[in-house]
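Engineer: File follows, upload15.csv with CSV, N, CA and C atoms:
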chain,number,residue,atom,x,y,z
A,1,MET,N,0.8,-1.2,0.0
A,1,MET,CA,0.0,0.0,0.0
A,1,MET,C,0.9,1.3,0.0
A,2,GLU,N,1.9,1.2,0.8
A,2,GLU,CA,2.8,2.4,0.9
A,2,GLU,C,3.5,2.7,-0.5
A,3,ILE,N,3.9,1.6,-1.1
A,3,ILE,CA,4.6,1.8,-2.4
A,3,ILE,C,3.6,2.4,-3.4
A,4,LEU,N,2.4,2.0,-3.5
A,4,LEU,CA,1.4,2.6,-4.4
A,4,LEU,C,1.2,4.0,-4.1
A,5,ILE,N,1.1,4.4,-2.8
A,5,ILE,CA,0.9,5.8,-2.5
A,5,ILE,C,2.2,6.6,-2.8
A,6,LYS,N,3.4,6.1,-2.6
A,6,LYS,CA,4.6,6.8,-3.0
A,6,LYS,C,4.7,7.0,-4.5
A,7,ILE,N,4.3,6.0,-5.3
A,7,ILE,CA,4.3,6.1,-6.8
A,7,ILE,C,3.3,7.1,-7.2
A,8,ILE,N,2.1,7.2,-6.7
A,8,ILE,CA,1.2,8.2,-7.1
A,8,ILE,C,1.7,9.6,-6.7
A,9,SER,N,2.3,9.7,-5.5
A,9,SER,CA,2.8,11.0,-5.0
A,9,SER,C,3.9,11.5,-6.0
A,10,PHE,N,4.8,10.5,-6.3
A,10,PHE,CA,5.9,10.9,-7.2
A,10,PHE,C,5.4,11.3,-8.6
A,11,ALA,N,4.4,10.6,-9.1
A,11,ALA,CA,3.9,10.9,-10.4
A,11,ALA,C,3.2,12.3,-10.4
A,12,LEU,N,2.5,12.6,-9.3
A,12,LEU,CA,1.9,14.0,-9.2
A,12,LEU,C,3.0,15.1,-9.2
A,13,LEU,N,4.1,14.8,-8.4
A,13,LEU,CA,5.2,15.7,-8.3
A,13,LEU,C,5.9,15.9,-9.7
A,14,ALA,N,6.1,14.8,-10.4
A,14,ALA,CA,6.7,14.9,-11.7
A,14,ALA,C,5.8,15.6,-12.7
A,15,ALA,N,4.5,15.5,-12.6
A,15,ALA,CA,3.6,16.2,-13.4
A,15,ALA,C,3.7,17.7,-13.1
A,16,LEU,N,3.9,18.0,-11.9
A,16,LEU,CA,4.0,19.5,-11.5
A,16,LEU,C,5.2,20.1,-12.1
A,17,ILE,N,6.3,19.3,-12.2
A,17,ILE,CA,7.5,19.8,-12.8
A,17,ILE,C,7.5,19.8,-14.4
A,18,ILE,N,6.9,18.8,-14.9
A,18,ILE,CA,6.9,18.5,-16.4
A,18,ILE,C,5.9,19.4,-17.1
A,19,PHE,N,4.7,19.6,-16.6
A,19,PHE,CA,3.6,20.3,-17.3
A,19,PHE,C,4.0,21.7,-17.8
A,20,PRO,N,4.7,22.5,-17.0
A,20,PRO,CA,5.1,23.9,-17.6
A,20,PRO,C,6.0,23.7,-18.7
A,21,ILE,N,6.9,22.8,-18.7
A,21,ILE,CA,7.8,22.6,-19.8
A,21,ILE,C,7.1,22.1,-21.0
A,22,LEU,N,6.2,21.2,-20.9
A,22,LEU,CA,5.4,20.7,-22.0
A,22,LEU,C,4.6,21.8,-22.6
A,23,ILE,N,4.0,22.6,-21.8
A,23,ILE,CA,3.2,23.8,-22.3
A,23,ILE,C,4.1,24.7,-23.1
A,24,LEU,N,5.2,25.0,-22.6
A,24,LEU,CA,6.2,25.9,-23.3
A,24,LEU,C,6.6,25.3,-24.6
A,25,ASN,N,6.9,24.0,-24.6
A,25,ASN,CA,7.3,23.3,-25.9
A,25,ASN,C,6.2,23.3,-26.9
A,26,LEU,N,5.0,23.1,-26.5
A,26,LEU,CA,3.8,23.2,-27.3
A,26,LEU,C,3.7,24.5,-28.0
A,27,LEU,N,3.8,25.6,-27.2
A,27,LEU,CA,3.7,26.9,-27.7
A,27,LEU,C,4.8,27.3,-28.7
A,28,ASN,N,6.0,26.8,-28.3
A,28,ASN,CA,7.2,27.0,-29.2
A,28,ASN,C,7.0,26.3,-30.6
A,29,LYS,N,6.5,25.1,-30.5
A,29,LYS,CA,6.2,24.3,-31.8
A,29,LYS,C,5.2,25.0,-32.7
A,30,ARG,N,4.2,25.6,-32.0
A,30,ARG,CA,3.2,26.3,-32.8
A,30,ARG,C,3.6,27.7,-33.2
A,31,LYS,N,4.8,28.1,-32.8
A,31,LYS,CA,5.5,29.4,-33.1
A,31,LYS,C,4.5,30.6,-32.8
A,32,VAL,N,4.1,30.5,-31.6
A,32,VAL,CA,3.2,31.6,-31.1
A,32,VAL,C,4.1,32.8,-30.8
A,33,LYS,N,3.6,34.0,-31.3
A,33,LYS,CA,4.4,35.2,-31.1
A,33,LYS,C,4.5,35.5,-29.6
A,34,ASN,N,4.0,36.3,-29.0
A,34,ASN,CA,4.0,36.6,-27.6
A,34,ASN,C,3.6,35.4,-26.7
A,35,ALA,N,4.4,34.4,-26.5
A,35,ALA,CA,4.1,33.2,-25.9
A,35,ALA,C,4.0,33.3,-24.4
A,36,PHE,N,4.5,34.4,-23.8
A,36,PHE,CA,4.5,34.5,-22.4
A,36,PHE,C,3.1,34.5,-21.7
A,37,ILE,N,2.2,35.3,-22.3
A,37,ILE,CA,0.9,35.4,-21.7
A,37,ILE,C,0.1,34.1,-21.8
A,38,PRO,N,0.1,33.4,-23.0
A,38,PRO,CA,-0.6,32.1,-23.0
A,38,PRO,C,0.1,31.0,-22.1
A,39,TYR,N,1.4,31.1,-22.1
A,39,TYR,CA,2.2,30.1,-21.2
A,39,TYR,C,1.8,30.4,-19.8
A,40,PHE,N,1.9,31.6,-19.4
A,40,PHE,CA,1.7,31.9,-17.9
A,40,PHE,C,0.3,31.6,-17.5
A,41,ILE,N,-0.7,32.0,-18.2
A,41,ILE,CA,-2.1,31.7,-17.8
A,41,ILE,C,-2.4,30.2,-17.8
A,42,SER,N,-2.0,29.5,-18.9
A,42,SER,CA,-2.3,28.1,-18.9
A,42,SER,C,-1.5,27.3,-17.8
A,43,SER,N,-0.2,27.7,-17.6
A,43,SER,CA,0.6,27.1,-16.6
A,43,SER,C,0.1,27.4,-15.2
A,44,LEU,N,-0.4,28.6,-15.0
A,44,LEU,CA,-1.0,29.0,-13.7
A,44,LEU,C,-2.2,28.1,-13.4
A,45,ILE,N,-3.0,28.0,-14.3
A,45,ILE,CA,-4.3,27.2,-14.1
A,45,ILE,C,-3.9,25.7,-13.9
A,46,ILE,N,-3.1,25.1,-14.7
A,46,ILE,CA,-2.8,23.7,-14.6
A,46,ILE,C,-2.0,23.4,-13.4
A,47,THR,N,-1.0,24.2,-13.1
A,47,THR,CA,-0.2,23.9,-11.9
A,47,THR,C,-0.9,24.2,-10.6
A,48,PHE,N,-1.8,25.1,-10.6
A,48,PHE,CA,-2.6,25.4,-9.4
A,48,PHE,C,-3.5,24.2,-9.1
A,49,PHE,N,-4.1,23.6,-10.2
A,49,PHE,CA,-4.9,22.4,-10.0
A,49,PHE,C,-4.1,21.3,-9.5
A,50,LEU,N,-2.9,21.1,-10.1
A,50,LEU,CA,-2.0,20.0,-9.6
A,50,LEU,C,-1.6,20.2,-8.2
A,51,VAL,N,-1.3,21.4,-7.8
A,51,VAL,CA,-0.9,21.7,-6.4
A,51,VAL,C,-2.1,21.3,-5.5
A,52,LEU,N,-3.3,21.7,-5.9
A,52,LEU,CA,-4.5,21.3,-5.1
A,52,LEU,C,-4.6,19.8,-5.0
A,53,VAL,N,-4.4,19.1,-6.1
A,53,VAL,CA,-4.5,17.6,-6.1
A,53,VAL,C,-3.4,17.0,-5.2
A,54,ILE,N,-2.2,17.5,-5.3
A,54,ILE,CA,-1.1,17.0,-4.5
A,54,ILE,C,-1.4,17.2,-3.0
A,55,ALA,N,-1.9,18.4,-2.6
A,55,ALA,CA,-2.1,18.7,-1.2
A,55,ALA,C,-3.3,17.8,-0.7
A,56,TRP,N,-4.3,17.6,-1.5
A,56,TRP,CA,-5.4,16.8,-1.1
A,56,TRP,C,-4.9,15.3,-1.0
A,57,TRP,N,-4.1,14.9,-2.0
A,57,TRP,CA,-3.6,13.5,-2.0
A,57,TRP,C,-2.8,13.2,-0.8
A,58,SER,N,-2.0,14.2,-0.4
A,58,SER,CA,-1.1,14.0,0.8
A,58,SER,C,-2.0,13.8,2.1
A,59,HIS,N,-3.0,14.5,2.2
A,59,HIS,CA,-3.9,14.4,3.4
A,59,HIS,C,-4.7,13.1,3.2
A,60,PHE,N,-5.3,12.8,2.1
A,60,PHE,CA,-6.1,11.6,1.9
A,60,PHE,C,-5.2,10.3,2.0
A,61,SER,N,-4.0,10.3,1.5
A,61,SER,CA,-3.2,9.1,1.6
A,61,SER,C,-2.8,8.8,3.0
A,62,ASN,N,-2.5,9.9,3.8
A,62,ASN,CA,-2.2,9.6,5.2
A,62,ASN,C,-3.4,9.0,5.9
A,63,LYS,N,-4.6,9.5,5.7
A,63,LYS,CA,-5.8,8.9,6.3
A,63,LYS,C,-6.0,7.5,5.8
A,64,LEU,N,-5.7,7.2,4.5
A,64,LEU,CA,-5.8,5.9,3.9
A,64,LEU,C,-4.9,4.9,4.6
A,65,LEU,N,-3.6,5.4,4.8
A,65,LEU,CA,-2.6,4.5,5.5
A,65,LEU,C,-3.0,4.3,7.0
A,66,LEU,N,-3.6,5.3,7.6
A,66,LEU,CA,-4.0,5.1,9.0
A,66,LEU,C,-5.1,4.0,9.1
A,67,SER,N,-6.1,4.1,8.2
A,67,SER,CA,-7.1,3.0,8.2
A,67,SER,C,-6.6,1.7,7.8
A,68,HIS,N,-5.6,1.7,6.9
A,68,HIS,CA,-4.9,0.4,6.5
A,68,HIS,C,-4.2,-0.3,7.7
A,69,TYR,N,-3.6,0.6,8.5
A,69,TYR,CA,-2.9,0.0,9.7
A,69,TYR,C,-3.8,-0.3,10.9
A,70,GLY,N,-5.1,0.0,10.7
A,70,GLY,CA,-6.0,-0.4,11.8
A,70,GLY,C,-6.4,0.7,12.8
A,71,TYR,N,-6.0,1.9,12.4
A,71,TYR,CA,-6.3,3.1,13.3
A,71,TYR,C,-7.8,3.3,13.3
A,72,ASN,N,-8.4,3.5,14.5
A,72,ASN,CA,-9.8,3.7,14.7
A,72,ASN,C,-10.1,5.2,14.8
A,73,PHE,N,-10.6,5.9,13.8
A,73,PHE,CA,-10.9,7.3,13.8
A,73,PHE,C,-12.0,7.7,14.8
A,74,GLU,N,-12.9,6.7,15.1
A,74,GLU,CA,-14.1,7.0,15.9
A,74,GLU,C,-13.8,6.7,17.4
A,75,GLY,N,-12.6,6.4,17.8
A,75,GLY,CA,-12.3,6.1,19.2
A,75,GLY,C,-12.4,7.3,20.1
A,76,MET,N,-12.7,7.1,21.3
A,76,MET,CA,-12.9,8.2,22.3
A,76,MET,C,-11.5,8.5,22.9
A,77,ASP,N,-10.6,7.6,23.0
A,77,ASP,CA,-9.3,7.9,23.6
A,77,ASP,C,-8.3,7.1,22.9
A,78,ASP,N,-7.0,7.3,23.3
A,78,ASP,CA,-5.9,6.7,22.5
A,78,ASP,C,-6.0,5.1,22.6
A,79,ILE,N,-6.5,4.6,23.7
A,79,ILE,CA,-6.5,3.1,23.8
A,79,ILE,C,-7.5,2.5,22.7
A,80,GLU,N,-8.6,3.2,22.6
A,80,GLU,CA,-9.6,2.7,21.5
A,80,GLU,C,-9.0,3.0,20.1
A,81,ARG,N,-8.4,4.1,19.9
A,81,ARG,CA,-7.9,4.4,18.6
A,81,ARG,C,-6.8,3.5,18.1
A,82,PHE,N,-5.9,3.1,19.0
A,82,PHE,CA,-4.8,2.3,18.7
A,82,PHE,C,-5.0,0.8,19.0
A,83,LYS,N,-6.2,0.4,19.3
A,83,LYS,CA,-6.4,-1.0,19.7
A,83,LYS,C,-6.2,-2.0,18.6
A,84,ASN,N,-6.5,-1.7,17.4
A,84,ASN,CA,-6.3,-2.6,16.2
A,84,ASN,C,-5.0,-2.5,15.5
A,85,VAL,N,-4.1,-1.6,16.0
A,85,VAL,CA,-2.9,-1.3,15.3
A,85,VAL,C,-1.8,-2.3,15.8
A,86,ALA,N,-1.1,-3.0,14.9
A,86,ALA,CA,-0.1,-3.9,15.3
A,86,ALA,C,1.1,-3.2,16.0
A,87,HIS,N,1.7,-3.9,16.9
A,87,HIS,CA,2.7,-3.2,17.7
A,87,HIS,C,3.9,-2.7,16.8
A,88,GLU,N,4.3,-3.4,15.8
A,88,GLU,CA,5.4,-2.9,14.9
A,88,GLU,C,5.0,-1.7,14.1
A,89,ASN,N,3.7,-1.4,13.9
A,89,ASN,CA,3.3,-0.2,13.2
A,89,ASN,C,2.9,0.9,14.0
A,90,LEU,N,3.0,0.8,15.3
A,90,LEU,CA,2.5,1.8,16.3
A,90,LEU,C,3.2,3.2,16.1
A,91,GLU,N,4.5,3.2,15.9
A,91,GLU,CA,5.3,4.5,15.7
A,91,GLU,C,4.9,5.1,14.4
A,92,LYS,N,4.7,4.3,13.3
A,92,LYS,CA,4.4,4.9,12.0
A,92,LYS,C,3.0,5.5,12.1
A,93,VAL,N,2.1,4.8,12.8
A,93,VAL,CA,0.7,5.3,12.9
A,93,VAL,C,0.7,6.6,13.7
A,94,LYS,N,1.5,6.7,14.8
A,94,LYS,CA,1.5,7.9,15.6
A,94,LYS,C,2.1,9.1,14.8
A,95,THR,N,3.1,8.8,13.9
A,95,THR,CA,3.6,9.8,13.0
A,95,THR,C,2.6,10.3,12.0
A,96,LEU,N,1.9,9.3,11.4
A,96,LEU,CA,0.8,9.7,10.4
A,96,LEU,C,-0.3,10.5,11.1
A,97,ARG,N,-0.6,10.1,12.3
A,97,ARG,CA,-1.7,10.8,13.0
A,97,ARG,C,-1.3,12.3,13.3
A,98,ILE,N,-0.1,12.5,13.7
A,98,ILE,CA,0.4,13.9,13.9
A,98,ILE,C,0.4,14.7,12.6
A,99,SER,N,0.7,14.0,11.5
A,99,SER,CA,0.8,14.8,10.2
A,99,SER,C,-0.6,15.1,9.7
A,100,VAL,N,-1.6,14.3,10.1
A,100,VAL,CA,-3.0,14.6,9.7
A,100,VAL,C,-3.6,15.7,10.5
A,101,MET,N,-3.1,15.9,11.7
A,101,MET,CA,-3.7,16.9,12.7
A,101,MET,C,-3.1,18.3,12.5
A,102,GLY,N,-2.3,18.6,11.5
A,102,GLY,CA,-1.8,19.9,11.3
A,102,GLY,C,-2.8,20.8,10.7
A,103,ILE,N,-2.2,21.8,9.9
A,103,ILE,CA,-3.1,22.7,9.2
A,103,ILE,C,-3.8,21.9,8.0
A,104,GLY,N,-4.9,22.4,7.6
A,104,GLY,CA,-5.6,21.7,6.5
A,104,GLY,C,-4.9,21.8,5.2
A,105,TRP,N,-5.3,20.9,4.3
A,105,TRP,CA,-4.6,20.9,3.0
A,105,TRP,C,-4.9,22.1,2.1
A,106,PRO,N,-6.1,22.8,2.3
A,106,PRO,CA,-6.3,24.0,1.5
A,106,PRO,C,-5.3,25.1,1.9
A,107,VAL,N,-5.0,25.2,3.2
A,107,VAL,CA,-4.1,26.2,3.7
A,107,VAL,C,-2.7,25.8,3.2
A,108,LYS,N,-2.4,24.6,3.1
A,108,LYS,CA,-1.0,24.2,2.6
A,108,LYS,C,-0.9,24.6,1.2
A,109,VAL,N,-2.0,24.6,0.4
A,109,VAL,CA,-1.9,25.1,-1.0
A,109,VAL,C,-1.7,26.6,-1.0
A,110,LEU,N,-2.4,27.3,-0.2
A,110,LEU,CA,-2.2,28.7,-0.1
A,110,LEU,C,-0.8,29.1,0.3
A,111,PHE,N,-0.1,28.3,1.1
A,111,PHE,CA,1.3,28.6,1.5
A,111,PHE,C,2.3,28.1,0.5
A,112,PHE,N,2.0,27.0,-0.2
A,112,PHE,CA,3.0,26.5,-1.1
A,112,PHE,C,3.0,27.1,-2.5
A,113,TYR,N,1.8,27.5,-3.0
A,113,TYR,CA,1.7,28.0,-4.4
A,113,TYR,C,2.5,29.3,-4.6
A,114,PRO,N,2.5,30.3,-3.7
A,114,PRO,CA,3.3,31.4,-3.9
A,114,PRO,C,4.8,31.1,-3.9
A,115,ILE,N,5.2,30.0,-3.3
A,115,ILE,CA,6.6,29.6,-3.3
A,115,ILE,C,6.9,28.9,-4.6
A,116,TYR,N,6.0,28.2,-5.2
A,116,TYR,CA,6.2,27.5,-6.5
A,116,TYR,C,6.1,28.4,-7.7
A,117,LEU,N,5.3,29.5,-7.6
A,117,LEU,CA,5.0,30.4,-8.7
A,117,LEU,C,6.2,30.9,-9.4
A,118,PRO,N,7.3,31.3,-8.7
A,118,PRO,CA,8.5,31.8,-9.5
A,118,PRO,C,9.1,30.8,-10.4
A,119,SER,N,8.9,29.5,-10.1
A,119,SER,CA,9.5,28.5,-11.0
A,119,SER,C,8.9,28.6,-12.4
A,120,LEU,N,7.7,29.0,-12.5
A,120,LEU,CA,7.1,29.2,-13.9
A,120,LEU,C,7.8,30.2,-14.6
A,121,LEU,N,8.2,31.3,-13.9
A,121,LEU,CA,8.9,32.4,-14.6
A,121,LEU,C,10.4,31.9,-14.9
A,122,ILE,N,11.0,31.2,-14.0
A,122,ILE,CA,12.3,30.7,-14.2
A,122,ILE,C,12.4,29.8,-15.5
A,123,ILE,N,11.4,28.9,-15.6
A,123,ILE,CA,11.3,28.0,-16.7
A,123,ILE,C,11.1,28.8,-18.0
A,124,TYR,N,10.3,29.8,-18.0
A,124,TYR,CA,10.0,30.5,-19.2
A,124,TYR,C,11.3,31.3,-19.6
A,125,PHE,N,11.8,32.1,-18.7
A,125,PHE,CA,13.0,32.9,-19.1
A,125,PHE,C,14.2,32.1,-19.3
A,126,GLY,N,14.4,31.0,-18.7
A,126,GLY,CA,15.5,30.0,-19.0
A,126,GLY,C,15.4,29.5,-20.4
A,127,SER,N,14.2,29.1,-20.8
A,127,SER,CA,13.9,28.7,-22.2
A,127,SER,C,14.1,29.8,-23.2
A,128,TYR,N,13.7,31.0,-22.8
A,128,TYR,CA,13.8,32.1,-23.7
A,128,TYR,C,15.3,32.4,-24.0
A,129,PHE,N,16.1,32.5,-22.9
A,129,PHE,CA,17.5,32.8,-23.1
A,129,PHE,C,18.3,31.7,-23.8
A,130,TYR,N,17.9,30.4,-23.5
A,130,TYR,CA,18.5,29.3,-24.2
A,130,TYR,C,18.2,29.3,-25.7
A,131,ASN,N,17.0,29.7,-26.1
A,131,ASN,CA,16.7,29.8,-27.5
A,131,ASN,C,17.4,30.9,-28.1
A,132,LYS,N,17.6,32.1,-27.4
A,132,LYS,CA,18.4,33.2,-28.0
A,132,LYS,C,19.8,32.8,-28.2
A,133,ILE,N,20.4,32.1,-27.2
A,133,ILE,CA,21.8,31.7,-27.4
A,133,ILE,C,22.0,30.7,-28.5
A,134,LYS,N,21.0,29.8,-28.6
A,134,LYS,CA,21.0,28.8,-29.7
A,134,LYS,C,20.9,29.5,-31.0
A,135,GLN,N,20.1,30.5,-31.2
A,135,GLN,CA,19.9,31.2,-32.4
A,135,GLN,C,21.2,32.0,-32.8
A,136,LYS,N,21.8,32.6,-31.8
A,136,LYS,CA,23.1,33.3,-32.1
A,136,LYS,C,24.2,32.4,-32.6
A,137,SER,N,24.2,31.2,-32.0
A,137,SER,CA,25.3,30.3,-32.4
A,137,SER,C,25.1,29.7,-33.8
A,138,LYS,N,23.9,29.8,-34.4
A,138,LYS,CA,23.7,29.3,-35.7
A,138,LYS,C,24.0,30.3,-36.7
Once more with this new file: its structure as structure tokens, please.

Structural biologist:
Amino acid sequence: MEILIKIISFALLAALIIFPILILNLLNKRKVKNAFIPYFISSLIITFFLVLVIAWWSHFSNKLLLSHYGYNFEGMDDIERFKNVAHENLEKVKTLRISVMGIGWPVKVLFFYPIYLPSLLIIYFGSYFYNKIKQKSK
């Protein structure tokens, strides 16, 4: 179960990195003149959606793992909550429980996206200067 969750998390993270590059390549192949505005708007929408999905998946996968390990969400105290958890998984379940009890996933999106946003500009201007240097060398 953990391996499947890690694979999905990695795929979502890879999509967050790859999609802006794919959008920029698509616009360059179509030889769009002012490509910055279409790139920025489409990347903004797609990556915001991906960040939402990643934050939701992080929260959901932790709850999924907790239920997989036998954690009882309806328990009144710690004894009832941890009654069905195997002894070897007890520390992992306590760690997952703490991670679920932090700030909510929508707030995580609001904190993370402004940090991620400059990478869209870095990708665009890096590609722009790379193409300029490539054209000068020809």

Engineer: Got a sec: who's within 8 Å of Lys83 in chain A, counting only C-alpha atoms, leaving out chain neighbours fewer than 4 positions off, as an MDAnalysis selection string?

Structural biologist: chainID A and resid 70:72 79

Engineer: Expressed in Å to a single decimal, how great is the separation between CA of Leu96 in chain A and atom C of Asn62 in chain A?

Structural biologist: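 It comes out at 6.2 Å.
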
Engineer: Give me, as a PDB file with N, CA and C atoms, in the frame of the given file, all polymer residues having an atom no more than 10 Å from range 27-38 of chain A, counting only C-alpha atoms and skipping those fewer than 2 positions away in the same chain.

Structural biologist:
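Output contents, as saved in result22.pdb:
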ATOM      1  N   ILE A  21       6.900  22.800 -18.700  1.00  0.00           N
ATOM      2  CA  ILE A  21       7.800  22.600 -19.800  1.00  0.00           C
ATOM      3  C   ILE A  21       7.100  22.100 -21.000  1.00  0.00           C
ATOM      4  N   LEU A  22       6.200  21.200 -20.900  1.00  0.00           N
ATOM      5  CA  LEU A  22       5.400  20.700 -22.000  1.00  0.00           C
ATOM      6  C   LEU A  22       4.600  21.800 -22.600  1.00  0.00           C
ATOM      7  N   ILE A  23       4.000  22.600 -21.800  1.00  0.00           N
ATOM      8  CA  ILE A  23       3.200  23.800 -22.300  1.00  0.00           C
ATOM      9  C   ILE A  23       4.100  24.700 -23.100  1.00  0.00           C
ATOM     10  N   LEU A  24       5.200  25.000 -22.600  1.00  0.00           N
ATOM     11  CA  LEU A  24       6.200  25.900 -23.300  1.00  0.00           C
ATOM     12  C   LEU A  24       6.600  25.300 -24.600  1.00  0.00           C
ATOM     13  N   ASN A  25       6.900  24.000 -24.600  1.00  0.00           N
ATOM     14  CA  ASN A  25       7.300  23.300 -25.900  1.00  0.00           C
ATOM     15  C   ASN A  25       6.200  23.300 -26.900  1.00  0.00           C
ATOM     16  N   PHE A  40       1.900  31.600 -19.400  1.00  0.00           N
ATOM     17  CA  PHE A  40       1.700  31.900 -17.900  1.00  0.00           C
ATOM     18  C   PHE A  40       0.300  31.600 -17.500  1.00  0.00           C
ATOM     19  N   ILE A  41      -0.700  32.000 -18.200  1.00  0.00           N
ATOM     20  CA  ILE A  41      -2.100  31.700 -17.800  1.00  0.00           C
ATOM     21  C   ILE A  41      -2.400  30.200 -17.800  1.00  0.00           C
ATOM     22  N   SER A  42      -2.000  29.500 -18.900  1.00  0.00           N
ATOM     23  CA  SER A  42      -2.300  28.100 -18.900  1.00  0.00           C
ATOM     24  C   SER A  42      -1.500  27.300 -17.800  1.00  0.00           C
ATOM     25  N   SER A  43      -0.200  27.700 -17.600  1.00  0.00           N
ATOM     26  CA  SER A  43       0.600  27.100 -16.600  1.00  0.00           C
ATOM     27  C   SER A  43       0.100  27.400 -15.200  1.00  0.00           C
ATOM     28  N   LEU A  44      -0.400  28.600 -15.000  1.00  0.00           N
ATOM     29  CA  LEU A  44      -1.000  29.000 -13.700  1.00  0.00           C
ATOM     30  C   LEU A  44      -2.200  28.100 -13.400  1.00  0.00           C
ATOM     31  N   LEU A 121       8.200  31.300 -13.900  1.00  0.00           N
ATOM     32  CA  LEU A 121       8.900  32.400 -14.600  1.00  0.00           C
ATOM     33  C   LEU A 121      10.400  31.900 -14.900  1.00  0.00           C
ATOM     34  N   TYR A 124      10.300  29.800 -18.000  1.00  0.00           N
ATOM     35  CA  TYR A 124      10.000  30.500 -19.200  1.00  0.00           C
ATOM     36  C   TYR A 124      11.300  31.300 -19.600  1.00  0.00           C
ATOM     37  N   PHE A 125      11.800  32.100 -18.700  1.00  0.00           N
ATOM     38  CA  PHE A 125      13.000  32.900 -19.100  1.00  0.00           C
ATOM     39  C   PHE A 125      14.200  32.100 -19.300  1.00  0.00           C
ATOM     40  N   SER A 127      14.200  29.100 -20.800  1.00  0.00           N
ATOM     41  CA  SER A 127      13.900  28.700 -22.200  1.00  0.00           C
ATOM     42  C   SER A 127      14.100  29.800 -23.200  1.00  0.00           C
ATOM     43  N   TYR A 128      13.700  31.000 -22.800  1.00  0.00           N
ATOM     44  CA  TYR A 128      13.800  32.100 -23.700  1.00  0.00           C
ATOM     45  C   TYR A 128      15.300  32.400 -24.000  1.00  0.00           C
TER      46      TYR A 128
END

Engineer: Give the alpha helix (DSSP H) residues of chain A, as DSSP finds them on the backbone, and put them as an MDAnalysis selection string.

Structural biologist: chainID A and resid 2:29 36:68 78:81 90:100 105:137

Engineer: Choose the residue, out of A:Thr47, A:Tyr39, A:Ile54, A:Tyr69, that has the smallest atom-to-atom separation from Val85 in chain A; count only N, CA and C atoms.

Structural biologist: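 Between A:Thr47, A:Tyr39, A:Ile54, A:Tyr69, the residue approaching Val85 in chain A most closely is A:Tyr69.
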
Engineer: Fewer than 4 positions away in the same chain doesn't count, so skip those; otherwise give me all residues within 7 Å of range 107-112 of chain A, counting only C-alpha atoms, as a PyMOL selection string.

Structural biologist: chain A and resi 51-52+55+103+116

Engineer: Between CA of Leu50 in chain A and CA of Ala15 in chain A, what distance in Å does the model show, to one decimal?

Structural biologist: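 Distance between the two atoms: 7.8 Å.
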
Engineer: Pick from A:Ile46, A:Val93, A:Val53, A:Ile8: nearest to Leu66 in chain A, with all atoms listed in the file counted?

Structural biologist: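 For Leu66 in chain A, the nearest of the given residues is A:Val93.
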
Engineer: Interatomic distance between CA of Ile17 in chain A and atom N of Met101 in chain A?

Structural biologist: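 Between CA of Ile17 in chain A and atom N of Met101 in chain A the gap works out to 27.0 Å.
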
Engineer: A:Leu117, A:Ile18, A:Val100, A:Leu26: which is nearest Lys63 in chain A, counting only C-alpha atoms?

Structural biologist: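 Among the listed residues, A:Val100 lies closest to Lys63 in chain A.
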